[in-house]
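Down below is the structure, laid out as structure tokens.
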Amino acid sequence: MEKNLKNVLVISFGFLLLFTAYGGLQSLQSSLHSEEGLGVASLSVLYAALIFSSMFLPPLLIKKLGCKWTIAGSMCCYITFSLGNFYASWYTLIPTSVILGLGGAPLWSAKCTYLTIAGNSYAEKTGKNGEDIINQYFGVFFLIFQSSGIWGNLISSLIFSQASTTVSEENLACCGAYDCMTDTTNSTGSAESSNSLIYTLIGIYTASGVLAVLLIVIFLDQIKSDQAETEKEILETPSIWSTFLATFQHLKDKRQCLLIPLTMYSGFEQGFLSGDYTKTYVTCALGIHYVGYTMICFSAVNSLCSLLFGKISQFTGRKLLFSLAAVTNTACIIALLLWKPHPKQLAVFFIFPALWGLSDAIWQTQTNGLYGILFEKHKEAAFANYRLWESLGFVIAFGYSTKLQVYIKLYILLSVLVLSMVTYGVVEYLKAKSSPGTPPATKKENIGPVTQETQM
């Protein structure tokens, strides 16, 4: 147990260090690299590469390299993205975004495979239930990993707070839903944050990524030969091509088609918060050093509510939770359309991420749970579709970020939300019709790993 627990802790702290860097950088992309929309374009490319990666690379790389070296190699892909931010241009940031996207899916797949094999191995030796041990390992992992969003954003805010920020009334007029489509962040945030502060921040993030790789390489045990067959079975059934084909064949199920808007909305709403809210509201009105603090608020509420809603869903049912998320997000969107951000209203800048975190916790946990319940016999194809459509939502949200004014993006977000709730209602109707008198299922099938995998 001590050896297995050591490996779980090594992976957990490795991911903590890696995503402390990546999470902080993702939140800052639209503000740091606002010229010609470079920052959001890099995120759009990143998630497009992730779609390709999810379809083909994980089984191939894990079979060839093993879990340990797939994790280490994929982490190096994340480090290249940090290095690309040192001298951000279309020729450095876009290629490194592609590299990160390609490494994202193998990283999460290798982590899930490693923890699953380790849990099953320990359960066999002790005669315990394998599922219980695996759930314990994932619980330890996410307990440690979830805090990465706090540390990464805290580092960025502490560093950028050293630069003085003054916002003129003229610039404030261009903040909010009816933005001027001009680069207001240059005068209010990133320009006033000297290059030395930016280099210091990216240097810390890069060092954090390097430490993560060293931690895995030095301290993570390779899977033993007697466990290699288990790993081989996991990766060879089904094959790469059969999984790829099954993903699209699964679209023959009309319930899957009806869930596409809801799944894409998850990408849309996360993309808006990290790409548009941080730039047009926070950086524009307060300065770039407040981005980290507001995103800490989002991460903290998201983590707490994920735990809370996972517990109470068996009492409330998912319909009530989905309704709560829809109402909360709708209220936020309407308020963002009407609100004119001003530094004197400091608390309001934190209320929106907090409410957004509450809603996102429901979208993530309950949508994953719904997929697990509806498609119990075809989980691989179903969750492949989940990753595909959510990532496509990210790609579209980041793709049009620099082309449209914020109020148009908010109307698009609201429209997708309404469509999502309508199609979700049809799914619930079909489910009730196919199994009359059956109480709603509350079982969650490994929700945590899938949820985080979609979040990179």
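Naming works like this for the structure tokens: A, B, ... for the chains as they're shown, residue 1 at the start of each chain, ligands 1 onward in shown order.
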
Quiz item: Can you tell me, as a PyMOL selection string, what residues are no more than 8 Å from segment 269-278 of chain A when counting only C-alpha atoms, ignoring any on the same chain fewer than 2 positions away?
Solution: chain A and resi 26-31+40+265-267+280-283+291+353+360+393-394+397-398+401+406+413

Take the residues from that selection and write them out as an mmCIF file, in the first residue's frame, keeping N, CA and C atoms.
data_model
loop_
_atom_site.group_PDB
_atom_site.id
_atom_site.type_symbol
_atom_site.label_atom_id
_atom_site.label_comp_id
_atom_site.auth_asym_id
_atom_site.auth_seq_id
_atom_site.Cartn_x
_atom_site.Cartn_y
_atom_site.Cartn_z
ATOM 1 N N GLN A 26 -3.402 29.842 -19.201
ATOM 2 C CA GLN A 26 -4.639 29.841 -19.969
ATOM 3 C C GLN A 26 -5.520 31.036 -19.608
ATOM 4 N N SER A 27 -5.603 31.331 -18.326
ATOM 5 C CA SER A 27 -6.431 32.457 -17.884
ATOM 6 C C SER A 27 -5.918 33.795 -18.396
ATOM 7 N N LEU A 28 -4.610 33.867 -18.676
ATOM 8 C CA LEU A 28 -3.988 35.141 -19.053
ATOM 9 C C LEU A 28 -3.838 35.334 -20.557
ATOM 10 N N GLN A 29 -4.090 34.289 -21.345
ATOM 11 C CA GLN A 29 -3.787 34.361 -22.778
ATOM 12 C C GLN A 29 -4.469 35.540 -23.470
ATOM 13 N N SER A 30 -5.761 35.744 -23.214
ATOM 14 C CA SER A 30 -6.485 36.808 -23.912
ATOM 15 C C SER A 30 -6.020 38.187 -23.483
ATOM 16 N N SER A 31 -5.453 38.301 -22.278
ATOM 17 C CA SER A 31 -4.980 39.604 -21.788
ATOM 18 C C SER A 31 -3.521 39.842 -22.125
ATOM 19 N N VAL A 40 -6.230 34.144 -27.775
ATOM 20 C CA VAL A 40 -7.398 33.279 -27.922
ATOM 21 C C VAL A 40 -7.259 32.377 -29.140
ATOM 22 N N TYR A 265 -22.094 23.421 -25.094
ATOM 23 C CA TYR A 265 -22.274 24.585 -24.221
ATOM 24 C C TYR A 265 -21.235 24.614 -23.112
ATOM 25 N N SER A 266 -20.849 23.438 -22.631
ATOM 26 C CA SER A 266 -19.804 23.368 -21.604
ATOM 27 C C SER A 266 -18.522 24.027 -22.090
ATOM 28 N N GLY A 267 -18.167 23.809 -23.364
ATOM 29 C CA GLY A 267 -16.990 24.462 -23.932
ATOM 30 C C GLY A 267 -17.197 25.942 -24.153
ATOM 31 N N THR A 280 -12.245 41.490 -21.176
ATOM 32 C CA THR A 280 -13.111 42.645 -21.424
ATOM 33 C C THR A 280 -13.683 43.250 -20.153
ATOM 34 N N TYR A 281 -13.780 42.479 -19.108
ATOM 35 C CA TYR A 281 -14.313 42.986 -17.851
ATOM 36 C C TYR A 281 -13.193 43.220 -16.831
ATOM 37 N N VAL A 282 -12.427 42.162 -16.511
ATOM 38 C CA VAL A 282 -11.455 42.249 -15.420
ATOM 39 C C VAL A 282 -10.225 43.061 -15.817
ATOM 40 N N THR A 283 -9.509 42.623 -16.857
ATOM 41 C CA THR A 283 -8.291 43.326 -17.257
ATOM 42 C C THR A 283 -8.581 44.744 -17.714
ATOM 43 N N VAL A 291 -6.872 39.337 -12.713
ATOM 44 C CA VAL A 291 -7.351 38.149 -13.420
ATOM 45 C C VAL A 291 -7.183 36.904 -12.553
ATOM 46 N N PRO A 353 -17.578 35.242 -11.394
ATOM 47 C CA PRO A 353 -16.851 33.962 -11.437
ATOM 48 C C PRO A 353 -17.363 32.950 -10.421
ATOM 49 N N ASP A 360 -20.813 25.798 -13.547
ATOM 50 C CA ASP A 360 -19.904 24.895 -14.242
ATOM 51 C C ASP A 360 -19.759 23.571 -13.491
ATOM 52 N N GLY A 393 -16.670 23.028 -28.778
ATOM 53 C CA GLY A 393 -17.227 24.235 -28.177
ATOM 54 C C GLY A 393 -16.139 25.234 -27.812
ATOM 55 N N PHE A 394 -15.047 24.733 -27.233
ATOM 56 C CA PHE A 394 -13.897 25.589 -26.929
ATOM 57 C C PHE A 394 -13.328 26.216 -28.201
ATOM 58 N N ALA A 397 -15.670 28.941 -29.503
ATOM 59 C CA ALA A 397 -15.716 30.103 -28.603
ATOM 60 C C ALA A 397 -14.452 30.939 -28.696
ATOM 61 N N PHE A 398 -13.310 30.280 -28.690
ATOM 62 C CA PHE A 398 -12.048 31.016 -28.821
ATOM 63 C C PHE A 398 -11.842 31.521 -30.249
ATOM 64 N N SER A 401 -13.712 34.769 -30.821
ATOM 65 C CA SER A 401 -13.547 35.709 -29.710
ATOM 66 C C SER A 401 -13.138 37.106 -30.154
ATOM 67 N N VAL A 406 -18.615 41.636 -27.418
ATOM 68 C CA VAL A 406 -18.960 40.766 -26.307
ATOM 69 C C VAL A 406 -20.466 40.546 -26.198
ATOM 70 N N LEU A 413 -24.186 32.727 -26.464
ATOM 71 C CA LEU A 413 -24.114 31.857 -25.290
ATOM 72 C C LEU A 413 -25.520 31.559 -24.754
#

Exercise. Write out as an MDAnalysis selection string each polymer residue whose atoms come within 10 Å of Asp221 of chain A, counting only C-alpha atoms; drop sequence neighbours fewer than 4 positions from it.
Key: chainID A and resid 3:4 6:7 10 67:68 216:217

May I have the residues within 8 Å of Asn385 of chain A as a PDB file with N, CA and C atoms, in the first residue's frame, using only C-alpha atoms and disregarding those fewer than 4 positions away in the same chain?
ATOM      1  N   THR A 247     -16.887   6.112 -32.252  1.00  0.00           N
ATOM      2  CA  THR A 247     -17.233   7.465 -31.842  1.00  0.00           C
ATOM      3  C   THR A 247     -18.291   8.066 -32.757  1.00  0.00           C
ATOM      4  N   PHE A 248     -18.117   7.866 -34.055  1.00  0.00           N
ATOM      5  CA  PHE A 248     -19.055   8.445 -35.008  1.00  0.00           C
ATOM      6  C   PHE A 248     -20.278   7.553 -35.219  1.00  0.00           C
ATOM      7  N   ALA A 381     -17.257   5.035 -26.501  1.00  0.00           N
ATOM      8  CA  ALA A 381     -17.726   5.867 -27.615  1.00  0.00           C
ATOM      9  C   ALA A 381     -18.451   7.104 -27.102  1.00  0.00           C
ATOM     10  N   TRP A 389     -17.162  16.967 -28.604  1.00  0.00           N
ATOM     11  CA  TRP A 389     -18.088  18.095 -28.739  1.00  0.00           C
ATOM     12  C   TRP A 389     -17.767  19.218 -27.756  1.00  0.00           C
TER      13      TRP A 389
END

Exercise. May I have the residues within 7 Å of Leu46 of chain A as a PyMOL selection string, using only C-alpha atoms and disregarding those fewer than 6 positions away in the same chain?
Key: chain A and resi 97-98+100-101

Any chance you could export the current selection's C-alpha atoms as a PDB file, in the first residue's frame?
ATOM      1  CA  SER A  97      -0.264  25.200 -28.807  1.00  0.00           C
ATOM      2  CA  VAL A  98      -0.509  22.354 -31.316  1.00  0.00           C
ATOM      3  CA  LEU A 100       0.369  20.927 -26.118  1.00  0.00           C
ATOM      4  CA  GLY A 101      -2.944  19.816 -27.638  1.00  0.00           C
TER       5      GLY A 101
END

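Our summary of the geometry notes that atom CA of Pro343 of chain A is positioned 27.4 Å from atom CA of Ser303 of chain A.
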
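If only C-alpha atoms are the atoms counted, then among A:Leu370, A:Ile296, A:Ala326, A:Ile155 the closest residue to Ser420 of chain A is A:Ala326.
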
Exercise. Quick one: everything within 8 Å of Asn85 of chain A, counting only C-alpha atoms, minus sequence neighbours fewer than 6 positions away in the same chain. Send it as a VMD selection string.
Key: chain A and resid 92 to 93 202

Would you mind exporting the chosen residues as a PDB file, in the first residue's frame, restricted to all heavy atoms?
ATOM      1  N   THR A  92       5.563  31.232 -32.801  1.00  0.00           N
ATOM      2  CA  THR A  92       5.990  30.489 -31.611  1.00  0.00           C
ATOM      3  C   THR A  92       4.798  29.932 -30.831  1.00  0.00           C
ATOM      4  O   THR A  92       4.813  28.767 -30.411  1.00  0.00           O
ATOM      5  CB  THR A  92       6.809  31.392 -30.668  1.00  0.00           C
ATOM      6  OG1 THR A  92       6.017  32.545 -30.295  1.00  0.00           O
ATOM      7  CG2 THR A  92       8.091  31.861 -31.334  1.00  0.00           C
ATOM      8  N   LEU A  93       3.756  30.746 -30.660  1.00  0.00           N
ATOM      9  CA  LEU A  93       2.644  30.341 -29.808  1.00  0.00           C
ATOM     10  C   LEU A  93       1.730  29.317 -30.483  1.00  0.00           C
ATOM     11  O   LEU A  93       1.260  28.378 -29.833  1.00  0.00           O
ATOM     12  CB  LEU A  93       1.835  31.577 -29.396  1.00  0.00           C
ATOM     13  CG  LEU A  93       1.200  31.553 -27.996  1.00  0.00           C
ATOM     14  CD1 LEU A  93       2.214  31.181 -26.944  1.00  0.00           C
ATOM     15  CD2 LEU A  93       0.567  32.893 -27.678  1.00  0.00           C
ATOM     16  N   ILE A 202       6.509  33.755 -16.465  1.00  0.00           N
ATOM     17  CA  ILE A 202       6.638  32.606 -17.364  1.00  0.00           C
ATOM     18  C   ILE A 202       7.814  31.729 -16.941  1.00  0.00           C
ATOM     19  O   ILE A 202       7.771  30.497 -17.080  1.00  0.00           O
ATOM     20  CB  ILE A 202       6.790  33.086 -18.823  1.00  0.00           C
ATOM     21  CG1 ILE A 202       5.535  33.871 -19.248  1.00  0.00           C
ATOM     22  CG2 ILE A 202       7.001  31.908 -19.762  1.00  0.00           C
ATOM     23  CD1 ILE A 202       5.633  34.518 -20.600  1.00  0.00           C
TER      24      ILE A 202
END

Quiz item: From the list A:Ser147, A:Asn195, A:Ser161, A:Thr206, which residue is nearest Phe298 of chain A when using only C-alpha atoms?
Solution: A:Ser147

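Of the residues under consideration (A:Gly39, A:Gly127, A:Pro341, A:Gly399), A:Pro341 shows the shortest atom-to-atom contact distance to Cys175 of chain A when counting only C-alpha atoms.
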
Practice problem: For Leu197 of chain A, work out the shell of residues within 9 Å, counting only C-alpha atoms and skipping chain neighbours fewer than 5 positions away, then give it as number ranges by chain. | Solution: A: 159-160, 162-163, 202

I need the chosen residues saved as a short mmCIF file (atom, residue, chain, number, x, y, z; two decimals), in the first residue's frame, with C-alpha atoms.
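This is the output file out_33.cif:
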data_model
loop_
_atom_site.label_atom_id
_atom_site.label_comp_id
_atom_site.auth_asym_id
_atom_site.auth_seq_id
_atom_site.Cartn_x
_atom_site.Cartn_y
_atom_site.Cartn_z
CA ILE A 159 3.63 39.09 -9.62
CA PHE A 160 1.53 41.49 -11.70
CA GLN A 162 3.92 44.87 -8.51
CA ALA A 163 3.04 46.95 -11.58
CA ILE A 202 6.64 32.61 -17.36
#

Exercise. If you run DSSP over the backbone, which residues in segment 196-432 of chain A end up alpha helix (DSSP H)? Put them as an MDAnalysis selection string.
Key: chainID A and resid 196:219 225:236 240:249 254:272 284:285 291:316 318:338 346:374 379:399 406:432

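Each of A:Ala21, A:Ile412, A:Val426, A:Leu102 was compared to Ser53 of chain A using only C-alpha atoms, and A:Leu102 turns out to be the nearest.
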